[in-house]
$ cat model39.txt   # compact mmCIF, C-alpha atoms
# COMPACT_ATOMS: atom_id res chain seq x y z
CA ILE F 19 3.70 0.05 15.42
CA GLY F 20 6.37 -1.56 13.29
CA THR F 21 8.16 -4.84 13.86
CA GLN F 22 11.03 -5.90 16.11
CA SER F 23 13.29 -6.10 13.08
CA GLN F 24 14.78 -2.97 11.59
CA ASN F 25 16.32 -2.31 8.21
CA ALA F 26 18.72 0.61 7.76
CA ASP F 27 16.61 1.72 4.76
CA MET F 28 13.75 2.49 7.15
CA GLU F 29 15.80 4.26 9.83
CA ASP F 30 14.53 7.75 8.90
CA TYR F 31 10.92 6.63 9.38
CA ILE F 32 11.28 5.17 12.89
CA PHE F 33 10.23 7.49 15.70
CA HIS F 34 11.17 5.27 18.65
CA VAL F 35 12.23 1.72 19.56
CA LYS F 36 10.48 0.33 22.64
CA LYS F 37 12.28 -1.67 25.33
CA ASN F 38 10.83 -4.89 23.88
CA GLY F 39 12.37 -4.00 20.50
CA LEU F 40 9.15 -3.01 18.72
CA THR F 41 9.58 0.02 16.52
CA ILE F 42 7.20 2.94 16.51
CA LEU F 43 6.90 4.54 13.10
CA ASP F 44 6.76 8.34 12.86
CA LEU F 45 3.11 9.12 12.11
CA ASN F 46 3.88 12.71 11.12
CA THR F 47 6.18 11.38 8.41
CA THR F 48 3.59 8.79 7.35
CA ASP F 49 0.94 11.52 7.09
CA LYS F 50 3.24 13.66 4.92
CA GLN F 51 4.06 10.63 2.76
CA ILE F 52 0.38 9.77 2.21
CA ARG F 53 -0.34 13.36 1.15
CA ALA F 54 2.70 13.47 -1.17
CA ILE F 55 1.91 10.08 -2.72
CA ALA F 56 -1.70 11.16 -3.32
CA GLN F 57 -0.39 14.26 -5.07
CA THR F 58 1.83 12.04 -7.23
CA LEU F 59 -0.97 9.60 -8.06
CA VAL F 60 -3.43 12.30 -9.19
CA GLU F 61 -0.99 13.08 -11.99
CA TYR F 62 -1.85 9.70 -13.55
CA ASP F 63 -4.99 8.35 -15.13
CA PRO F 64 -6.30 5.83 -12.57
CA GLN F 65 -6.17 3.06 -15.19
CA GLU F 66 -2.41 3.70 -15.52
CA ILE F 67 -1.89 2.89 -11.81
CA LEU F 68 -1.26 -0.72 -10.81
CA VAL F 69 -1.72 -1.74 -7.16
CA VAL F 70 -0.09 -5.05 -6.20
CA GLY F 71 -0.52 -7.09 -3.04
CA ARG F 72 0.35 -10.74 -2.63
CA LYS F 73 -0.79 -11.16 0.98
CA ASP F 74 -4.36 -12.07 1.93
CA GLU F 75 -4.43 -9.09 4.31
CA ALA F 76 -4.03 -6.76 1.34
CA TYR F 77 -7.00 -8.12 -0.63
CA GLN F 78 -9.86 -6.00 0.75
CA PRO F 79 -7.86 -2.78 1.19
CA ILE F 80 -6.66 -3.01 -2.44
CA LYS F 81 -10.13 -3.92 -3.71
CA ALA F 82 -11.75 -0.96 -1.92
CA PHE F 83 -9.00 1.41 -3.09
CA SER F 84 -9.44 0.25 -6.68
CA ASP F 85 -13.23 0.57 -6.44
CA ALA F 86 -12.85 4.10 -5.03
CA ILE F 87 -10.15 5.37 -7.40
CA GLY F 88 -10.43 3.12 -10.47
CA THR F 89 -6.94 1.61 -10.51
CA LYS F 90 -5.85 -1.73 -11.90
CA THR F 91 -4.97 -4.38 -9.33
CA ILE F 92 -3.16 -7.64 -8.90
CA ASN F 93 -4.42 -9.23 -5.72
CA GLY F 94 -2.60 -12.45 -4.90
CA ARG F 95 0.19 -14.04 -6.91
CA PHE F 96 2.04 -11.74 -9.31
CA MET F 97 2.77 -13.70 -12.47
CA PRO F 98 6.37 -13.32 -13.68
CA GLY F 99 6.47 -11.46 -16.97
CA THR F 100 3.42 -9.32 -16.22
CA MET F 101 5.33 -6.11 -16.97
CA THR F 102 8.27 -7.48 -18.95
CA ASN F 103 6.92 -10.13 -21.34
CA PRO F 104 4.58 -8.73 -24.03
CA LYS F 105 3.66 -12.31 -25.02
CA SER F 106 2.32 -13.06 -21.52
CA GLU F 107 -1.48 -13.26 -21.20
CA SER F 108 -1.26 -11.08 -18.10
CA PHE F 109 1.00 -8.44 -19.72
CA MET F 110 0.32 -4.81 -18.81
CA GLU F 111 2.22 -1.55 -19.00
CA PRO F 112 1.26 0.62 -16.03
CA GLU F 113 2.72 4.10 -15.64
CA ILE F 114 3.25 3.68 -11.87
CA VAL F 115 3.11 0.75 -9.43
CA LEU F 116 2.07 0.71 -5.77
CA VAL F 117 3.02 -2.39 -3.74
CA THR F 118 1.85 -3.30 -0.25
CA ASP F 119 5.05 -5.03 0.89
CA PRO F 120 8.52 -4.72 -0.68
CA GLU F 121 9.39 -8.24 0.49
CA GLU F 122 6.23 -10.06 -0.59
CA ASP F 123 5.90 -8.07 -3.81
CA ARG F 124 9.59 -8.27 -4.82
CA GLN F 125 8.79 -9.73 -8.29
CA ALA F 126 6.56 -6.74 -9.11
CA ILE F 127 9.27 -4.34 -7.93
CA THR F 128 11.93 -6.11 -10.00
CA GLU F 129 9.81 -6.03 -13.16
CA ALA F 130 8.67 -2.43 -12.70
CA SER F 131 12.27 -1.41 -12.10
CA ASP F 132 13.41 -3.28 -15.23
CA ALA F 133 10.69 -1.48 -17.22
CA ASN F 134 11.60 1.93 -15.70
CA ILE F 135 8.21 2.25 -14.02
CA PRO F 136 8.14 4.30 -10.78
CA ILE F 137 7.47 2.23 -7.67
CA ILE F 138 5.73 3.27 -4.46
CA ALA F 139 5.81 0.87 -1.51
CA ILE F 140 4.02 0.64 1.80
CA ALA F 141 6.97 -0.42 3.94
CA ASP F 142 7.36 -1.52 7.54
CA SER F 143 10.45 -1.10 9.72
CA GLU F 144 12.11 -4.32 8.50
CA ASN F 145 11.66 -3.73 4.77
CA ASN F 146 14.48 -3.28 2.27
CA LEU F 147 13.72 -0.38 -0.09
CA GLU F 148 15.91 -1.51 -2.98
CA GLY F 149 14.19 -0.53 -6.23
CA VAL F 150 11.55 1.57 -4.45
CA ASP F 151 11.22 5.20 -5.54
CA LYS F 152 8.79 6.48 -2.90
CA VAL F 153 7.66 5.02 0.40
CA ILE F 154 4.77 5.18 2.83
CA ALA F 155 6.10 4.03 6.20
CA ALA F 156 3.35 1.99 7.84
CA ASN F 157 2.48 -1.36 9.32
CA ASN F 158 1.95 -3.50 6.21
CA LYS F 159 1.25 -6.75 8.06
CA GLY F 160 -2.38 -6.32 9.14
CA GLU F 161 -5.51 -5.79 7.12
CA LYS F 162 -6.73 -2.97 9.40
CA ALA F 163 -3.42 -1.11 9.10
CA LEU F 164 -3.35 -1.54 5.32
CA GLY F 165 -7.02 -0.60 5.19
CA MET F 166 -6.31 2.64 7.03
CA VAL F 167 -3.42 3.54 4.72
CA PHE F 168 -5.46 2.85 1.58
CA TYR F 169 -8.48 4.69 3.00
CA LEU F 170 -6.40 7.78 3.81
CA LEU F 171 -4.68 7.61 0.43
CA ALA F 172 -8.01 7.34 -1.42
CA ASP F 173 -9.46 10.18 0.65
CA GLN F 174 -6.47 12.41 -0.16
CA ILE F 175 -6.66 11.59 -3.87
CA LYS F 176 -10.36 12.42 -3.97
CA GLU F 177 -9.78 15.62 -2.00
CA GLN F 178 -7.02 16.72 -4.37
CA ILE F 179 -9.26 16.28 -7.41
CA GLY F 180 -12.13 18.10 -5.69
CA GLU F 181 -14.34 15.07 -5.06
CA LYS F 182 -15.68 13.37 -1.96
CA LEU F 183 -14.75 9.79 -1.11
CA ASP F 184 -17.95 7.72 -1.19
CA PHE F 185 -16.46 4.99 0.99
CA LYS F 186 -16.15 4.60 4.74
CA GLN F 187 -13.02 3.45 6.52
CA GLU F 188 -14.77 0.15 7.30
CA ASP F 189 -15.09 -0.58 3.56
CA PHE F 190 -11.32 -1.04 3.45
CA VAL F 191 -11.32 -4.07 5.76
CA SER F 192 -13.22 -7.37 5.53
CA VAL F 193 -14.49 -7.20 9.09
CA THR F 194 -16.18 -4.00 10.14
CA ILE F 195 -15.14 -2.37 13.39
CA GLU F 196 -18.56 -3.18 14.89
CA GLU F 197 -18.23 -6.86 13.93
CA ASP F 198 -14.74 -6.90 15.42
CA LYS F 199 -16.05 -5.46 18.72
CA GLU F 200 -18.85 -8.06 18.76
CA GLU F 201 -16.36 -10.87 18.18
CA ALA F 202 -14.12 -9.55 20.97
CA ALA F 203 -17.08 -9.33 23.37
CA GLU F 204 -18.10 -12.92 22.57
CA ALA F 205 -14.58 -14.24 23.14

$ encode --input "model39.txt" --output "structure tokens"
Amino acid sequence: IGTQSQNADMEDYIFHVKKNGLTILDLNTTDKQIRAIAQTLVEYDPQEILVVGRKDEAYQPIKAFSDAIGTKTINGRFMPGTMTNPKSESFMEPEIVLVTDPEEDRQAITEASDANIPIIAIADSENNLEGVDKVIAANNKGEKALGMVFYLLADQIKEQIGEKLDFKQEDFVSVTIEEDKEEAAEA
């Protein structure tokens, strides 16, 4: 499920708009995008991949993805100059960048674009795709949704290199599904 807002950039990825205005993203397209992005990412050394997520909800999904695949990460605030200022303490030169939200991670997109680094974004129905080269259309607001996208992406990457993912879906979210059910039952 997307948001009530829609951006023309995301029109091709929306399956349906409900009466209340909520968008439904096309899961067939999302599945194809995850598989295609995984195929793209296996072409890079994992240490050449930078995963960026400013939002708290992205922290655990990014951490688990990095632990599973071996990528570099920036969880939290993206320091200006990270990809454009060689004198910066945080300077790095990734070969490809994956962001969790084109709006929240705009600084990373701007810098990667300035440095001619390909950009992949997990984008929801309201996101502007300016500067983004490839997209995964998905809910990028919740930790469980991001966790699922990163889990599926990690699983596809491992499958494409002939390995098995040694992580469970629950590893990609802070609260396990069982804990979530217990909390709901107590409420």

$ axis_aligned_box --input "model39.txt" --around "segment 131-142 of chain F" --padding-each-side "6 Å" --output "lines of an AutoDock Vina configuration file"
center_x = 8.7
center_y = 0.5
center_z = -4.8
size_x = 21.4
size_y = 19.6
size_z = 36.8

$ atom_distance --input "model39.txt" --atom1 "atom CA of Ala156 of chain F" --atom2 "atom CA of Pro64 of chain F"
22.9 Å

$ residues_around --input "model39.txt" --residues "Glu113 of chain F" --least-positions-apart "2" --cutoff "10 Å" --atoms "all atoms listed in the file" --output "list in words"
Tyr62, Asp63, Pro64, Gln65, Glu66, Ile67, Leu68, Met110, Glu111, Val115, Ala130, Ala133, Asn134, Ile135, Pro136 and Ile137 of chain F

$ residues_near_point --input "model39.txt" --point "(-3.3, 9.6, -5.6)" --cutoff "7 Å" --atoms "all atoms listed in the file" --output "PyMOL selection string"
chain F and resi 55-60+171-172+174-175

$ closest_residue --input "model39.txt" --among "F:Val153, F:Val191, F:Ala54, F:Leu45" --to "Phe83 of chain F" --atoms "only C-alpha atoms"
F:Val191

$ build_atoms --input "model39.txt" --residues "segment 126-137 of chain F" --atoms "all heavy atoms" --output "short mmCIF file (atom, residue, chain, number, x, y, z; two decimals), in the frame of the given file"
data_model
loop_
_atom_site.label_atom_id
_atom_site.label_comp_id
_atom_site.auth_asym_id
_atom_site.auth_seq_id
_atom_site.Cartn_x
_atom_site.Cartn_y
_atom_site.Cartn_z
N ALA F 126 7.16 -7.93 -8.48
CA ALA F 126 6.56 -6.74 -9.11
C ALA F 126 7.55 -5.58 -9.11
O ALA F 126 7.67 -4.84 -10.10
CB ALA F 126 5.27 -6.35 -8.40
N ILE F 127 8.28 -5.41 -8.02
CA ILE F 127 9.27 -4.34 -7.93
C ILE F 127 10.38 -4.56 -8.96
O ILE F 127 10.78 -3.62 -9.66
CB ILE F 127 9.85 -4.23 -6.50
CG1 ILE F 127 8.78 -3.70 -5.55
CG2 ILE F 127 11.09 -3.34 -6.47
CD1 ILE F 127 9.17 -3.73 -4.08
N THR F 128 10.86 -5.79 -9.05
CA THR F 128 11.93 -6.11 -10.00
C THR F 128 11.49 -5.80 -11.43
O THR F 128 12.22 -5.17 -12.20
CB THR F 128 12.33 -7.59 -9.87
OG1 THR F 128 12.82 -7.80 -8.53
CG2 THR F 128 13.41 -7.97 -10.87
N GLU F 129 10.29 -6.24 -11.79
CA GLU F 129 9.81 -6.03 -13.16
C GLU F 129 9.54 -4.55 -13.44
O GLU F 129 9.88 -4.06 -14.51
CB GLU F 129 8.56 -6.87 -13.42
CG GLU F 129 8.88 -8.34 -13.49
CD GLU F 129 7.77 -9.17 -14.09
OE1 GLU F 129 6.91 -8.63 -14.83
OE2 GLU F 129 7.77 -10.39 -13.82
N ALA F 130 8.93 -3.86 -12.50
CA ALA F 130 8.67 -2.43 -12.70
C ALA F 130 9.99 -1.68 -12.84
O ALA F 130 10.12 -0.80 -13.70
CB ALA F 130 7.84 -1.88 -11.55
N SER F 131 10.96 -2.05 -12.03
CA SER F 131 12.27 -1.41 -12.10
C SER F 131 12.93 -1.68 -13.45
O SER F 131 13.48 -0.77 -14.08
CB SER F 131 13.15 -1.94 -10.95
OG SER F 131 14.37 -1.28 -10.95
N ASP F 132 12.85 -2.93 -13.92
CA ASP F 132 13.41 -3.28 -15.23
C ASP F 132 12.74 -2.50 -16.37
O ASP F 132 13.37 -2.20 -17.37
CB ASP F 132 13.28 -4.79 -15.50
CG ASP F 132 14.20 -5.63 -14.64
OD1 ASP F 132 15.12 -5.06 -14.00
OD2 ASP F 132 14.00 -6.87 -14.59
N ALA F 133 11.46 -2.20 -16.19
CA ALA F 133 10.69 -1.48 -17.22
C ALA F 133 10.70 0.04 -16.99
O ALA F 133 9.96 0.76 -17.66
CB ALA F 133 9.26 -2.01 -17.25
N ASN F 134 11.51 0.50 -16.03
CA ASN F 134 11.60 1.93 -15.70
C ASN F 134 10.26 2.54 -15.30
O ASN F 134 9.93 3.67 -15.70
CB ASN F 134 12.23 2.72 -16.84
CG ASN F 134 13.68 2.37 -17.02
OD1 ASN F 134 14.41 2.22 -16.05
ND2 ASN F 134 14.11 2.24 -18.27
N ILE F 135 9.49 1.78 -14.53
CA ILE F 135 8.21 2.25 -14.02
C ILE F 135 8.42 2.67 -12.56
O ILE F 135 8.98 1.90 -11.78
CB ILE F 135 7.15 1.13 -14.11
CG1 ILE F 135 6.94 0.71 -15.58
CG2 ILE F 135 5.83 1.57 -13.48
CD1 ILE F 135 6.12 -0.56 -15.75
N PRO F 136 7.98 3.87 -12.18
CA PRO F 136 8.14 4.30 -10.78
C PRO F 136 7.41 3.37 -9.82
O PRO F 136 6.31 2.87 -10.14
CB PRO F 136 7.52 5.70 -10.75
CG PRO F 136 7.39 6.12 -12.17
CD PRO F 136 7.33 4.88 -13.00
N ILE F 137 8.01 3.16 -8.65
CA ILE F 137 7.47 2.23 -7.67
C ILE F 137 7.27 2.93 -6.33
O ILE F 137 8.20 3.57 -5.81
CB ILE F 137 8.43 1.04 -7.47
CG1 ILE F 137 8.67 0.34 -8.80
CG2 ILE F 137 7.88 0.06 -6.43
CD1 ILE F 137 9.99 -0.37 -8.89
#
